[in-house]
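Peer 1: Before anything else, here's the structure in question.
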Amino acid sequence: MLFTSYAFLGFLLVLIPAYYLIPKRWQWPLLLAASYLFYAAAGIKFLAYILVTTVTVYAAACLMEDNLLRQKAYVKARKEELSREEKKAYQDSQKRIRLRWLTACLLLNLGILAVVKYANFVISNINGVLSAFSGAGRLSFMTLALPMGISFYTFQAIGYLVDVYRGTVPAERNLLKFGLFISFFPQLVQGPISRFGDLSRTLCEPHTWDGRRVSFGLQRMLWGYFKKMVIADRVLAGVSTIVGSPETYGGAYALVGMLLYTLELYADFTGGIDITIGVSEALGVVVQENFHRPYFSKSLKEYWRRWHISMCNWFRDYIFYPVSTSKPMQKLSKFTRRRFGERAGKRVPVYLSTFTVWLATGVWHGASWNFIVWGLANWVVLMASEELEPLYGKFHGRFRVEGKLWYKIFQVGRTFLLVCCLNLFDCYSSLADTFSVFASIFTTGNWYVLWDGSLLGLGLSMLDYGILAVGTLAMLSVSLVQRSGGIRERIAKRPYAVRFMVWYGLFLVILLAGAYGVGYDASQFIYNQF
Amino acid sequence: MKELLEILNDLHPDVDYETEEHLVDNMILDSMDIVSLISEISETFDVTITAKDIVPDNFNSAKALFALIQRLEDED
């Protein structure tokens with residue numbers, strides 16, 4: 001059930017009124033039933049995957065917490081009898097038991113994800129090696145469909161499990177409430193990857209009808225539909241044409257494709273998250289923001305603090321910090337410090353941990369070498385920026401450019417272009433195509449296609465380009481206004497006629513300029529495939 | 001505390017660590033700074049800071065960080 005389908009709108013038209021009409025104690029069970037119905041609509045067999053994750057993570061978390069409570073009770077009861085060493089030995093032995101539960105559950109759930117998402121990628125690489133050496137011994141591919149949102153709900157479940165292991169959140173004792181945390185339908189498609197401590201605050205609480213909150217939720221959804229249907233789905237035609245034939249569309253075409261894809265990705269992903277947050281808001285559930293005006297970033301490092309925030313924080317908290325503070329890494333740091341000096345000792349944990357994170361981020365995005373190289377390219381740029389930081393400092397000190405508007409615009413433009421270039425790995429299906437297309441931008445010299453009408457042969461008419469230009473300006477304007485406060489709150493203070501014009505106008509724009517209609521096949525959200 | 005302030009000043013000399021209480025919330029310290037800091041602290045104070053300890057409350061000020069180091073020293 002796509003967010004952009006009539007079925008989904010019908011689903012919400014039944015769910016939202018029912019949610020506020022039934023007794024409040026039945027609200028969260030209704031959300032759970034609705035979430036499983038939503039998931040089953042993508043394929044009833046996929047329910048088995050999400051149920052296995054739900055039950056195993058629920059059980060492991062309860063077992064770990066039970067063990068910790070028993071340990072505390074045991075130590076408390078024998079406070080006088082146990083020596084400091086005995087107490088520590090007992091606590092360590094119990095911690096090892098909890099670690100075993102954690103490891104077993106992680107292996108099971110990451111194993112499921114690895115098999116359904118990466119098995120064929122591994123098989124294809126093994127086949128490549130086998131055919132290179134012997135020309136025989138081909139392994140056959142597996143025929144497993146990828147369950148919807150598996151990367152998102154698996155990561156969300158793992159985050160919860162690690163938090164319970166660390167003792168930062170209590171284990172949820174109600175299996176059904178935990179089931180809702182994993183399967184809450186607005187965020188199943190493409191995240192955000194919520195933390196239990198954040199989402200559980202409002203997910204199972206009773207909610208009273210609040211007209212302002214519900215209308216704010218619907219307004220956020222409308223803005224999301226505008227981005228997705230008027231911009232992302234429109235630009236898709238041009239991107240598909242250019243990316244589909246890299247040998248035909250090189251040079252200036254590739255540059256246009258790169259910019260159009262960056263526009264599509266932004267409108268598609270932020271639009272989808274707007275719908276997610278809007279639906280949740282209408283239901284009284286607070287879902288964390290996933291973007292913070294990413295294209296206003298002045299560096300790639302800043303961009304990754306503002307884009308797909310929940311995923312970046314997940315990798316930071318559950319991979320980057322554990323790897324960088326692990327005993328082997330600390331030993332390596334000390335060894336490097338002694339052997340190669342303080343500077344190298346400081347850098348080793350940072351460089352190796354960020355390498356691990358970006359490798360994992362690339363792998364998470366998809367089973368292909370393009371995504372892996374995309375992740376590592378991000379790592380190279382980030383580490384190069386770290387190394388060049390003193391040089392930047394000298395430059396800023398010498399020319400006193402920092403803080404000046406023109407220099408900020410330059411930094412924002414530079415970061416935007418860098419992100420566009422990195423996005424090329426996401427566009428093309430092979431590394432060879434990606435590199436040759438990127439090189440063609442500088443070597444082909446077919447700049448005349450930008451003004452001789454050739455761009456009208458990409459599946460986009462002059463009207464489409466006009467709508468895209470106005471739509472992009474609208475998104476940019478909203479982002480600029482948001483810097484000094486929420487736009488919905490501002491509009492809500494205006495007279496009724498103004499509010500009506502804004503929201504009804506936006507609704508009409510989606511109706512008239514949205515890429516849909518008879519025979520139109522609403523496209524899937526890009527991040528749904530991850 | 002003096003040694004800790006030296007480590008912090010080495011990382012960001014332009015910050016007044018005596019008064020700043022939102023080092024993480026105000027994005028003065030990012031994740032890479034925190035990892036460098038942990039490496040320095042473990043070398044200087046011989047304590048083990050784990051991922052569980054990396055929460056804004058422990059890193060938002062020099063005072064909070066020093067309290068964490070003292071707590072870890074006591075545990076050891």
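Residues are referred to by chain and number: the chain letter is A, B, ... according to the order shown in the structure tokens, the number counts from 1 in that chain, and ligands are numbered separately from 1 in the order shown.
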Identify all chain A residues at most 6 Å from chain B by counting only C-alpha atoms; ligands do not count. Present them as number ranges by chain.
Peer 2: A: 321-322, 325, 346
Peer 1: With C-alpha atoms retained, write the just-selected residues as an mmCIF file, in the first residue's frame.
Peer 2:
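Written file, again04.cif:
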data_model
loop_
_atom_site.group_PDB
_atom_site.id
_atom_site.type_symbol
_atom_site.label_atom_id
_atom_site.label_comp_id
_atom_site.auth_asym_id
_atom_site.auth_seq_id
_atom_site.Cartn_x
_atom_site.Cartn_y
_atom_site.Cartn_z
ATOM 1 C CA TYR A 321 31.173 4.611 19.408
ATOM 2 C CA PRO A 322 31.343 0.873 20.252
ATOM 3 C CA THR A 325 35.944 2.661 22.337
ATOM 4 C CA LYS A 346 44.777 10.198 18.185
#
Peer 1: Need to verify the contact set: Tyr465 (chain A), 12 Å, only C-alpha atoms, exclusion of same-chain residues closer than 6 positions in sequence. Can you return it as a PyMOL selection string?
Peer 2: chain A and resi 230-231+234-235+237-238+256+260+455-459+471-472+513
Peer 1: Which residues come within 12 Å of Ala384 (chain A), counting only C-alpha atoms, excluding same-chain residues fewer than 5 positions away, as a list in words?
Peer 2: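 Skipping anything fewer than 5 positions along the chain leaves Ser299, Leu300, Lys301, Tyr351, Ala377, Asn378, Trp379, Glu389, Pro390, Leu391 and Tyr392 of chain A.
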Peer 1: For Asp14 (chain B), please output as a PDB file with C-alpha atoms, in the first residue's frame all residues within 12 Å (counting only C-alpha atoms; exclusion window: fewer than 6 positions along the same chain).
Peer 2:
ATOM      1  CA  LEU B   8      40.018  19.999  25.803  1.00  0.00           C
ATOM      2  CA  GLU B  20      30.428  26.265  28.478  1.00  0.00           C
ATOM      3  CA  ILE B  28      30.977  22.225  19.655  1.00  0.00           C
TER       4      ILE B  28
END
Peer 1: State, in Å with one decimal place, the distance from CA of Ser5 (chain A) to CA of Leu222 (chain A).
Peer 2: 13.8 Å
Peer 1: Quote the spacing between CA of Ser430 (chain A) and CA of Leu139 (chain A) in Å to one decimal place.
Peer 2: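 These atoms are spaced 21.4 Å apart.
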Peer 1: Find the residues around Phe66 (chain B) up to 12 Å (only C-alpha atoms counted), leave out those fewer than 2 positions away in its own chain, and share them as a list in words.
Peer 2: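 The neighbour list is Met1, Lys2, Glu3, Leu4, Leu5, Ile7, Leu8, Tyr17, Glu18, Ile41, Phe45, Val47, Asp57, Asn58, Phe59, Asn60, Ser61, Ala62, Lys63, Ala64, Leu68, Ile69, Gln70, Arg71, Leu72 and Glu73 of chain B.
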Peer 1: With C-alpha atoms retained, export the selected residues as an mmCIF file, in the first residue's frame.
Peer 2:
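The result, stored in out08.cif:
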data_model
loop_
_atom_site.group_PDB
_atom_site.id
_atom_site.type_symbol
_atom_site.label_atom_id
_atom_site.label_comp_id
_atom_site.auth_asym_id
_atom_site.auth_seq_id
_atom_site.Cartn_x
_atom_site.Cartn_y
_atom_site.Cartn_z
ATOM 1 C CA MET B 1 40.803 18.924 36.212
ATOM 2 C CA LYS B 2 43.830 20.848 34.954
ATOM 3 C CA GLU B 3 44.937 17.925 32.756
ATOM 4 C CA LEU B 4 41.422 17.550 31.357
ATOM 5 C CA LEU B 5 41.248 21.257 30.497
ATOM 6 C CA ILE B 7 43.204 18.055 26.593
ATOM 7 C CA LEU B 8 40.018 19.999 25.803
ATOM 8 C CA TYR B 17 35.471 25.292 29.035
ATOM 9 C CA GLU B 18 35.049 26.895 32.470
ATOM 10 C CA ILE B 41 41.471 10.603 28.472
ATOM 11 C CA PHE B 45 43.754 9.001 33.340
ATOM 12 C CA VAL B 47 40.171 4.804 32.682
ATOM 13 C CA ASP B 57 25.022 14.572 29.911
ATOM 14 C CA ASN B 58 28.565 13.244 30.369
ATOM 15 C CA PHE B 59 30.172 15.374 27.649
ATOM 16 C CA ASN B 60 28.283 18.666 27.760
ATOM 17 C CA SER B 61 30.781 20.380 30.078
ATOM 18 C CA ALA B 62 34.301 19.930 31.396
ATOM 19 C CA LYS B 63 32.785 19.536 34.856
ATOM 20 C CA ALA B 64 30.492 16.687 33.752
ATOM 21 C CA LEU B 68 32.590 10.824 34.682
ATOM 22 C CA ILE B 69 36.356 10.270 34.909
ATOM 23 C CA GLN B 70 36.212 10.313 38.711
ATOM 24 C CA ARG B 71 33.308 7.869 38.709
ATOM 25 C CA LEU B 72 35.201 5.495 36.407
ATOM 26 C CA GLU B 73 38.335 5.790 38.546
#
Peer 1: Which residue, A:Lys95, A:Val169, A:Ala367, A:Gln27, has the smallest gap to Asp198 (chain A) when you use only C-alpha atoms?
Peer 2: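 Going through A:Lys95, A:Val169, A:Ala367, A:Gln27 one by one, the smallest distance to Asp198 (chain A) is for A:Val169.
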Peer 1: If you measure from CA of Trp304 (chain A) to CA of Leu180 (chain A), what distance in Å do you get, rounded to one decimal?
Peer 2: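 Taking CA of Trp304 (chain A) and CA of Leu180 (chain A), their separation equals 29.1 Å.
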Peer 1: I need the helix (DSSP H, G or I) residues of region 16-67 of chain B per DSSP on the backbone, written as a list of chain:residue names.
Peer 2: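 Result set for region 16-67 of chain B (helix (DSSP H, G or I)): B:Ser31, B:Met32, B:Asp33, B:Ile34, B:Val35, B:Ser36, B:Leu37, B:Ile38, B:Ser39, B:Glu40, B:Ile41, B:Ser42, B:Glu43, B:Thr44, B:Phe45, B:Ala51, B:Lys52, B:Asp53, B:Pro56, B:Asp57, B:Asn58, B:Phe59, B:Ala62, B:Lys63, B:Ala64, B:Leu65, B:Phe66, B:Ala67.
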Peer 1: Export, as an mmCIF file, in the first residue's frame, the selected residues with N, CA and C atoms.
Peer 2:
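Output below, filename part-v2.cif:
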data_model
loop_
_atom_site.group_PDB
_atom_site.id
_atom_site.type_symbol
_atom_site.label_atom_id
_atom_site.label_comp_id
_atom_site.auth_asym_id
_atom_site.auth_seq_id
_atom_site.Cartn_x
_atom_site.Cartn_y
_atom_site.Cartn_z
ATOM 1 N N SER B 31 31.108 13.833 16.990
ATOM 2 C CA SER B 31 31.445 12.443 17.342
ATOM 3 C C SER B 31 32.948 12.160 17.181
ATOM 4 N N MET B 32 33.578 12.781 16.180
ATOM 5 C CA MET B 32 35.018 12.541 15.990
ATOM 6 C C MET B 32 35.829 13.167 17.127
ATOM 7 N N ASP B 33 35.402 14.372 17.571
ATOM 8 C CA ASP B 33 36.068 15.003 18.720
ATOM 9 C C ASP B 33 35.950 14.108 19.945
ATOM 10 N N ILE B 34 34.758 13.540 20.127
ATOM 11 C CA ILE B 34 34.519 12.715 21.322
ATOM 12 C C ILE B 34 35.437 11.492 21.319
ATOM 13 N N VAL B 35 35.611 10.891 20.157
ATOM 14 C CA VAL B 35 36.485 9.714 20.089
ATOM 15 C C VAL B 35 37.949 10.105 20.361
ATOM 16 N N SER B 36 38.392 11.227 19.801
ATOM 17 C CA SER B 36 39.763 11.704 20.085
ATOM 18 C C SER B 36 39.917 11.962 21.574
ATOM 19 N N LEU B 37 38.891 12.581 22.140
ATOM 20 C CA LEU B 37 38.890 12.921 23.566
ATOM 21 C C LEU B 37 38.995 11.659 24.422
ATOM 22 N N ILE B 38 38.220 10.641 24.057
ATOM 23 C CA ILE B 38 38.226 9.389 24.824
ATOM 24 C C ILE B 38 39.613 8.748 24.781
ATOM 25 N N SER B 39 40.220 8.787 23.596
ATOM 26 C CA SER B 39 41.544 8.215 23.441
ATOM 27 C C SER B 39 42.556 8.953 24.349
ATOM 28 N N GLU B 40 42.460 10.285 24.368
ATOM 29 C CA GLU B 40 43.347 11.097 25.213
ATOM 30 C C GLU B 40 43.107 10.833 26.694
ATOM 31 N N ILE B 41 41.828 10.796 27.056
ATOM 32 C CA ILE B 41 41.471 10.603 28.472
ATOM 33 C C ILE B 41 41.945 9.235 28.953
ATOM 34 N N SER B 42 41.739 8.216 28.124
ATOM 35 C CA SER B 42 42.141 6.868 28.558
ATOM 36 C C SER B 42 43.659 6.792 28.712
ATOM 37 N N GLU B 43 44.378 7.544 27.877
ATOM 38 C CA GLU B 43 45.842 7.566 27.967
ATOM 39 C C GLU B 43 46.300 8.318 29.231
ATOM 40 N N THR B 44 45.649 9.447 29.499
ATOM 41 C CA THR B 44 46.084 10.299 30.620
ATOM 42 C C THR B 44 45.602 9.781 31.974
ATOM 43 N N PHE B 45 44.332 9.352 32.036
ATOM 44 C CA PHE B 45 43.754 9.001 33.340
ATOM 45 C C PHE B 45 43.675 7.487 33.583
ATOM 46 N N ALA B 51 30.996 2.817 25.155
ATOM 47 C CA ALA B 51 29.935 3.453 24.350
ATOM 48 C C ALA B 51 28.742 3.835 25.219
ATOM 49 N N LYS B 52 28.486 3.053 26.254
ATOM 50 C CA LYS B 52 27.357 3.308 27.156
ATOM 51 C C LYS B 52 27.494 4.668 27.864
ATOM 52 N N ASP B 53 28.767 5.074 28.100
ATOM 53 C CA ASP B 53 29.003 6.332 28.810
ATOM 54 C C ASP B 53 28.880 7.552 27.898
ATOM 55 N N PRO B 56 25.114 12.806 25.997
ATOM 56 C CA PRO B 56 25.385 14.251 26.119
ATOM 57 C C PRO B 56 25.617 14.698 27.557
ATOM 58 N N ASP B 57 24.873 14.136 28.510
ATOM 59 C CA ASP B 57 25.022 14.572 29.911
ATOM 60 C C ASP B 57 26.462 14.440 30.410
ATOM 61 N N ASN B 58 27.185 13.452 29.918
ATOM 62 C CA ASN B 58 28.565 13.244 30.369
ATOM 63 C C ASN B 58 29.587 14.103 29.626
ATOM 64 N N PHE B 59 29.193 14.656 28.485
ATOM 65 C CA PHE B 59 30.172 15.374 27.649
ATOM 66 C C PHE B 59 29.818 16.846 27.422
ATOM 67 N N ALA B 62 33.048 20.475 30.833
ATOM 68 C CA ALA B 62 34.301 19.930 31.396
ATOM 69 C C ALA B 62 34.020 19.331 32.769
ATOM 70 N N LYS B 63 33.123 19.994 33.503
ATOM 71 C CA LYS B 63 32.785 19.536 34.856
ATOM 72 C C LYS B 63 32.137 18.144 34.797
ATOM 73 N N ALA B 64 31.197 17.976 33.874
ATOM 74 C CA ALA B 64 30.492 16.687 33.752
ATOM 75 C C ALA B 64 31.470 15.587 33.321
ATOM 76 N N LEU B 65 32.365 15.955 32.431
ATOM 77 C CA LEU B 65 33.340 14.986 31.939
ATOM 78 C C LEU B 65 34.292 14.577 33.067
ATOM 79 N N PHE B 66 34.681 15.549 33.867
ATOM 80 C CA PHE B 66 35.574 15.254 34.989
ATOM 81 C C PHE B 66 34.871 14.343 36.003
ATOM 82 N N ALA B 67 33.571 14.600 36.209
ATOM 83 C CA ALA B 67 32.786 13.758 37.132
ATOM 84 C C ALA B 67 32.739 12.321 36.609
#
Peer 1: Show me, as an MDAnalysis selection string, the residues that have an atom within 8 Å of region 315-319 of chain A when counting only C-alpha atoms, minus same-chain residues fewer than 3 positions from it.
Peer 2: (chainID A and resid 159 162 311:312 322:323 353 356:357 361) or (chainID B and resid 31 51)
